[in-house]
Amino acid sequence: MIGARHSYDLVAERYADELGDELRGKPLDRGLLQVVAELANEGVVADIGCGPGHITAYLAGRGARVIGMDLSPAMCGVARQANSVAVGAGDMTALPVRAESLTGLVCLYAVIHLDERQRAAAYAEFARVLRPGGHALIAFHTSDADIPVGGTKTLTDWWGHQVDLTFHYLDPAKESEALARTGLVLEARLDREPHPDTEHPSRRSYLIVRRA
């Protein structure tokens with residue numbers, strides 16, 4: 001994960017400029033985040049892989065008690081400055097969070113940088129930190145015109161910075177099974193096409209799971 005951390009440190013400010021307002025054009029994302037805020041029922045929600053903190057801020061605006069967490073310390077700094085949210089640096093495969101301390105968890109487009117073994121570790125951590133009955137919303141890319149389901153894409157240059165990032169395009173059925181093995185049971189799944197002209201043209205999947 002060192003490559004991912006360093007890469008996002010390099011692009012943190014540009015990332016916030018380009019994507020910090022992305023929810024404005026994503027009504028389905030907003031609706032699902034509202035669902036998470038309601039299901040949390042005044043408990044604490046963690047936004048894992050929070051980036052510049054725009055998702056964290058959106059949840060807070062919907063009444064959620066939310067904390068953000070990102071692998072990149074630079075992203076955490078941008079999140080504090082841009083969105084005035086509580087954030088901290090952390091690795092989702094070893095979360096610095098007490099067991100069963102959360103009622104909700106959001107992880108949008110962050111597990112895409114993990115290989116299968118790392119994703120299994122992250123899902124086990126999600127299950128560990130959620131209370132029984134707590135919910136998680138996990139989103140990821142599934143395919144695009146060039147990359148099929150199960151494929152990968154490597155990025156070495158991003159906005160003029162030399163980076164080392166691998167993007168995994170995931171199979172929703174397989175990820176649901178992997179989550180279930182940790183005790184996170186699928187409650188809902190949404191697949192959608194990309195919004196034209198507002199985001200990377202990839203198909204996406206959203207899973208809402210509940211800690212058994």
# chains A, B, ... in the order shown; residues from 1 in each chain; ligands from 1
$ closest_atom_pairs --of "segment 108-203 of chain A" --to "segment 75-92 of chain A" --cutoff "12 Å" --atoms "only C-alpha atoms" --output "tab-separated table"
residue	atom	partner	partner_atom	distance
A:Ala110	CA	A:Met92	CA	9.1
A:Val111	CA	A:Met92	CA	8.7
A:His113	CA	A:Met92	CA	11.1
A:Leu114	CA	A:Met92	CA	9.8
A:Gln118	CA	A:Met92	CA	9.1
A:Arg119	CA	A:Met92	CA	9.0
A:Ala120	CA	A:Met92	CA	10.7
A:Ala121	CA	A:Met92	CA	8.3
A:Ala122	CA	A:Met92	CA	5.5
A:Tyr123	CA	A:Met92	CA	8.6
A:Ala124	CA	A:Met92	CA	9.8
A:Glu125	CA	A:Met92	CA	7.1
A:Phe126	CA	A:Met92	CA	8.1
A:Ala127	CA	A:Met92	CA	11.6
A:Arg128	CA	A:Met92	CA	11.5
A:Val129	CA	A:Met92	CA	10.9
$ residues_around --residues "segment 165-168 of chain A" --least-positions-apart "2" --cutoff "6 Å" --atoms "only C-alpha atoms" --output "list of chain:residue names"
A:Ala4, A:Ile112, A:His113, A:Thr152, A:Lys153, A:Thr154, A:Leu155, A:Leu170
$ closest_residue --among "A:Tyr58, A:Tyr15, A:Phe140, A:Tyr8" --to "Asp70 of chain A" --atoms "only C-alpha atoms"
A:Tyr8
$ select_by_dssp --residues "segment 69-184 of chain A" --states "strand (DSSP E)" --output "compact mmCIF listing (two decimals) with N, CA and C atoms, in the first residue's frame"
# COMPACT_ATOMS: atom_id res chain seq x y z
N MET A 69 -11.48 8.55 7.38
CA MET A 69 -10.18 7.89 7.50
C MET A 69 -9.63 7.63 6.10
N ASP A 70 -8.35 7.92 5.91
CA ASP A 70 -7.74 7.70 4.60
C ASP A 70 -6.30 7.25 4.79
N VAL A 87 -10.99 13.73 10.65
CA VAL A 87 -10.37 12.67 9.85
C VAL A 87 -9.06 12.24 10.49
N GLY A 88 -8.63 11.04 10.13
CA GLY A 88 -7.35 10.54 10.58
C GLY A 88 -6.79 9.56 9.57
N ALA A 89 -5.48 9.43 9.55
CA ALA A 89 -4.83 8.50 8.62
C ALA A 89 -4.94 7.08 9.16
N LEU A 102 -18.82 0.94 15.76
CA LEU A 102 -19.51 1.69 14.71
C LEU A 102 -20.87 1.08 14.42
N THR A 103 -21.83 1.94 14.07
CA THR A 103 -23.11 1.44 13.58
C THR A 103 -23.20 1.54 12.06
N GLY A 104 -22.27 2.27 11.45
CA GLY A 104 -22.27 2.40 10.00
C GLY A 104 -20.87 2.58 9.45
N LEU A 105 -20.71 2.22 8.19
CA LEU A 105 -19.40 2.32 7.54
C LEU A 105 -19.65 2.55 6.05
N VAL A 106 -18.89 3.45 5.48
CA VAL A 106 -18.96 3.75 4.05
C VAL A 106 -17.57 3.59 3.47
N CYS A 107 -17.48 2.93 2.32
CA CYS A 107 -16.19 2.77 1.65
C CYS A 107 -16.44 2.84 0.14
N LEU A 108 -16.31 4.02 -0.42
CA LEU A 108 -16.61 4.24 -1.83
C LEU A 108 -15.33 4.29 -2.66
N LEU A 130 -17.79 -3.03 13.15
CA LEU A 130 -19.23 -2.79 13.15
C LEU A 130 -19.91 -3.54 14.30
N ARG A 131 -20.88 -2.92 14.89
CA ARG A 131 -21.71 -3.60 15.87
C ARG A 131 -22.61 -4.61 15.16
N PRO A 132 -23.06 -5.66 15.84
CA PRO A 132 -24.06 -6.54 15.24
C PRO A 132 -25.28 -5.72 14.80
N GLY A 133 -25.71 -5.93 13.57
CA GLY A 133 -26.80 -5.15 13.01
C GLY A 133 -26.36 -3.89 12.31
N GLY A 134 -25.07 -3.52 12.44
CA GLY A 134 -24.55 -2.34 11.75
C GLY A 134 -24.43 -2.58 10.26
N HIS A 135 -24.45 -1.49 9.49
CA HIS A 135 -24.46 -1.60 8.03
C HIS A 135 -23.22 -0.94 7.41
N ALA A 136 -22.81 -1.48 6.27
CA ALA A 136 -21.73 -0.90 5.48
C ALA A 136 -22.19 -0.73 4.04
N LEU A 137 -21.77 0.35 3.42
CA LEU A 137 -21.98 0.61 2.00
C LEU A 137 -20.62 0.58 1.32
N ILE A 138 -20.46 -0.31 0.36
CA ILE A 138 -19.19 -0.48 -0.33
C ILE A 138 -19.44 -0.33 -1.83
N ALA A 139 -18.66 0.53 -2.49
CA ALA A 139 -18.83 0.76 -3.93
C ALA A 139 -17.52 0.53 -4.65
N PHE A 140 -17.63 0.07 -5.90
CA PHE A 140 -16.43 -0.19 -6.70
C PHE A 140 -16.79 -0.20 -8.18
N HIS A 141 -15.76 -0.06 -9.01
CA HIS A 141 -15.91 -0.19 -10.45
C HIS A 141 -16.00 -1.68 -10.81
N THR A 142 -16.80 -1.98 -11.83
CA THR A 142 -16.91 -3.38 -12.27
C THR A 142 -16.33 -3.61 -13.67
N SER A 143 -16.45 -2.65 -14.56
CA SER A 143 -15.89 -2.78 -15.91
C SER A 143 -15.99 -1.45 -16.62
N ASP A 144 -15.26 -1.34 -17.73
CA ASP A 144 -15.45 -0.21 -18.64
C ASP A 144 -15.18 -0.69 -20.06
N THR A 152 -7.65 -5.49 -14.36
CA THR A 152 -6.94 -4.45 -13.63
C THR A 152 -6.41 -3.39 -14.59
N LYS A 153 -6.21 -2.22 -14.04
CA LYS A 153 -5.63 -1.11 -14.78
C LYS A 153 -4.54 -0.49 -13.92
N THR A 154 -3.38 -0.23 -14.51
CA THR A 154 -2.28 0.40 -13.79
C THR A 154 -2.10 1.83 -14.27
N LEU A 155 -1.97 2.74 -13.32
CA LEU A 155 -1.78 4.15 -13.63
C LEU A 155 -0.40 4.58 -13.13
N THR A 156 0.39 5.15 -14.03
CA THR A 156 1.75 5.60 -13.66
C THR A 156 1.92 7.10 -13.75
N ASP A 157 0.99 7.79 -14.42
CA ASP A 157 1.04 9.24 -14.50
C ASP A 157 -0.36 9.79 -14.28
N TRP A 158 -0.48 10.73 -13.33
CA TRP A 158 -1.79 11.27 -12.99
C TRP A 158 -1.62 12.76 -12.72
N HIS A 161 1.92 13.87 -12.22
CA HIS A 161 2.70 13.25 -11.15
C HIS A 161 2.96 11.78 -11.47
N GLN A 162 4.15 11.32 -11.12
CA GLN A 162 4.49 9.91 -11.29
C GLN A 162 3.87 9.13 -10.13
N VAL A 163 2.94 8.24 -10.46
CA VAL A 163 2.21 7.49 -9.44
C VAL A 163 2.35 5.99 -9.68
N ASP A 164 1.91 5.23 -8.71
CA ASP A 164 1.94 3.77 -8.80
C ASP A 164 0.62 3.25 -8.23
N LEU A 165 -0.38 3.18 -9.09
CA LEU A 165 -1.71 2.79 -8.64
C LEU A 165 -2.26 1.67 -9.52
N THR A 166 -2.83 0.67 -8.89
CA THR A 166 -3.52 -0.40 -9.59
C THR A 166 -5.00 -0.34 -9.23
N PHE A 167 -5.84 -0.34 -10.26
CA PHE A 167 -7.29 -0.32 -10.07
C PHE A 167 -7.83 -1.71 -10.42
N HIS A 168 -8.54 -2.33 -9.49
CA HIS A 168 -9.16 -3.63 -9.71
C HIS A 168 -10.63 -3.44 -10.03
N LEU A 184 -20.61 -10.36 7.02
CA LEU A 184 -21.30 -9.20 6.47
C LEU A 184 -22.26 -9.68 5.39
$ closest_residue --among "A:Ser202, A:Asp146, A:Leu207, A:Gly51" --to "Ala173 of chain A" --atoms "only C-alpha atoms"
A:Leu207
$ residues_around --residues "Glu199 of chain A" --least-positions-apart "2" --cutoff "12 Å" --atoms "only C-alpha atoms" --output "list in words"
Glu18, Leu19, Asp21, Glu22, Leu23, Arg24, Gly25, Lys26, His141, Asp144, Glu193, Pro194, His195, Pro196, Asp197, Pro201, Ser202, Arg203 and Arg204 of chain A
$ write_last_selection --atoms "N, CA and C atoms" --output "PDB file, in the first residue's frame"
ATOM      1  N   GLU A  18     -10.782  18.507  -8.444  1.00  0.00           N
ATOM      2  CA  GLU A  18     -11.483  17.851  -9.547  1.00  0.00           C
ATOM      3  C   GLU A  18     -12.727  17.092  -9.089  1.00  0.00           C
ATOM      4  N   LEU A  19     -12.661  16.482  -7.906  1.00  0.00           N
ATOM      5  CA  LEU A  19     -13.722  15.553  -7.495  1.00  0.00           C
ATOM      6  C   LEU A  19     -14.438  15.946  -6.211  1.00  0.00           C
ATOM      7  N   ASP A  21     -16.574  18.050  -5.561  1.00  0.00           N
ATOM      8  CA  ASP A  21     -17.988  18.410  -5.712  1.00  0.00           C
ATOM      9  C   ASP A  21     -18.757  17.365  -6.515  1.00  0.00           C
ATOM     10  N   GLU A  22     -18.214  16.151  -6.610  1.00  0.00           N
ATOM     11  CA  GLU A  22     -18.794  15.154  -7.504  1.00  0.00           C
ATOM     12  C   GLU A  22     -20.204  14.708  -7.110  1.00  0.00           C
ATOM     13  N   LEU A  23     -20.558  14.764  -5.831  1.00  0.00           N
ATOM     14  CA  LEU A  23     -21.879  14.297  -5.416  1.00  0.00           C
ATOM     15  C   LEU A  23     -23.007  15.122  -6.026  1.00  0.00           C
ATOM     16  N   ARG A  24     -22.706  16.335  -6.428  1.00  0.00           N
ATOM     17  CA  ARG A  24     -23.729  17.186  -7.035  1.00  0.00           C
ATOM     18  C   ARG A  24     -24.363  16.498  -8.247  1.00  0.00           C
ATOM     19  N   GLY A  25     -23.567  15.730  -8.982  1.00  0.00           N
ATOM     20  CA  GLY A  25     -24.074  15.066 -10.180  1.00  0.00           C
ATOM     21  C   GLY A  25     -24.339  13.587 -10.006  1.00  0.00           C
ATOM     22  N   LYS A  26     -24.458  13.110  -8.748  1.00  0.00           N
ATOM     23  CA  LYS A  26     -24.638  11.684  -8.490  1.00  0.00           C
ATOM     24  C   LYS A  26     -25.825  11.449  -7.553  1.00  0.00           C
ATOM     25  N   HIS A 141     -15.759  -0.060  -9.007  1.00  0.00           N
ATOM     26  CA  HIS A 141     -15.909  -0.192 -10.451  1.00  0.00           C
ATOM     27  C   HIS A 141     -15.996  -1.683 -10.809  1.00  0.00           C
ATOM     28  N   ASP A 144     -15.262  -1.337 -17.726  1.00  0.00           N
ATOM     29  CA  ASP A 144     -15.452  -0.208 -18.637  1.00  0.00           C
ATOM     30  C   ASP A 144     -15.181  -0.693 -20.057  1.00  0.00           C
ATOM     31  N   GLU A 193     -24.837   2.308 -14.690  1.00  0.00           N
ATOM     32  CA  GLU A 193     -23.971   2.815 -15.739  1.00  0.00           C
ATOM     33  C   GLU A 193     -23.378   4.157 -15.287  1.00  0.00           C
ATOM     34  N   PRO A 194     -22.296   4.597 -15.907  1.00  0.00           N
ATOM     35  CA  PRO A 194     -21.699   5.885 -15.515  1.00  0.00           C
ATOM     36  C   PRO A 194     -22.586   7.059 -15.898  1.00  0.00           C
ATOM     37  N   HIS A 195     -22.480   8.122 -15.123  1.00  0.00           N
ATOM     38  CA  HIS A 195     -23.145   9.372 -15.480  1.00  0.00           C
ATOM     39  C   HIS A 195     -22.343  10.042 -16.599  1.00  0.00           C
ATOM     40  N   PRO A 196     -22.963  10.337 -17.727  1.00  0.00           N
ATOM     41  CA  PRO A 196     -22.223  10.915 -18.865  1.00  0.00           C
ATOM     42  C   PRO A 196     -21.545  12.232 -18.500  1.00  0.00           C
ATOM     43  N   ASP A 197     -20.282  12.351 -18.896  1.00  0.00           N
ATOM     44  CA  ASP A 197     -19.524  13.604 -18.809  1.00  0.00           C
ATOM     45  C   ASP A 197     -19.196  14.053 -17.392  1.00  0.00           C
ATOM     46  N   PRO A 201     -15.930   6.737 -17.224  1.00  0.00           N
ATOM     47  CA  PRO A 201     -16.999   5.963 -17.849  1.00  0.00           C
ATOM     48  C   PRO A 201     -16.926   4.460 -17.534  1.00  0.00           C
ATOM     49  N   SER A 202     -17.093   4.142 -16.272  1.00  0.00           N
ATOM     50  CA  SER A 202     -17.078   2.739 -15.849  1.00  0.00           C
ATOM     51  C   SER A 202     -18.410   2.356 -15.247  1.00  0.00           C
ATOM     52  N   ARG A 203     -18.761   1.081 -15.367  1.00  0.00           N
ATOM     53  CA  ARG A 203     -19.926   0.552 -14.669  1.00  0.00           C
ATOM     54  C   ARG A 203     -19.559   0.363 -13.201  1.00  0.00           C
ATOM     55  N   ARG A 204     -20.537   0.559 -12.321  1.00  0.00           N
ATOM     56  CA  ARG A 204     -20.269   0.549 -10.880  1.00  0.00           C
ATOM     57  C   ARG A 204     -21.270  -0.336 -10.163  1.00  0.00           C
TER      58      ARG A 204
END
$ closest_residue --among "A:Leu71, A:Ala64, A:Ala40, A:Ala16" --to "Ile2 of chain A" --atoms "only C-alpha atoms"
A:Leu71
$ select_by_dssp --residues "segment 4-167 of chain A" --states "alpha helix (DSSP H)" --output "PyMOL selection string"
chain A and resi 4-19+27-40+54-61+73-83+116-129
$ residues_around --residues "Ser176 of chain A" --least-positions-apart "2" --cutoff "10 Å" --atoms "only C-alpha atoms" --output "list in words"
Asp171, Pro172, Ala173, Lys174, Ala178, Leu179, Ala180, Arg181, Leu184, Val185, Leu186, Glu187, Arg189, Leu207, Ile208 and Val209 of chain A
$ atom_distance --atom1 "atom CA of Ala99 of chain A" --atom2 "atom CA of Arg62 of chain A"
24.9 Å
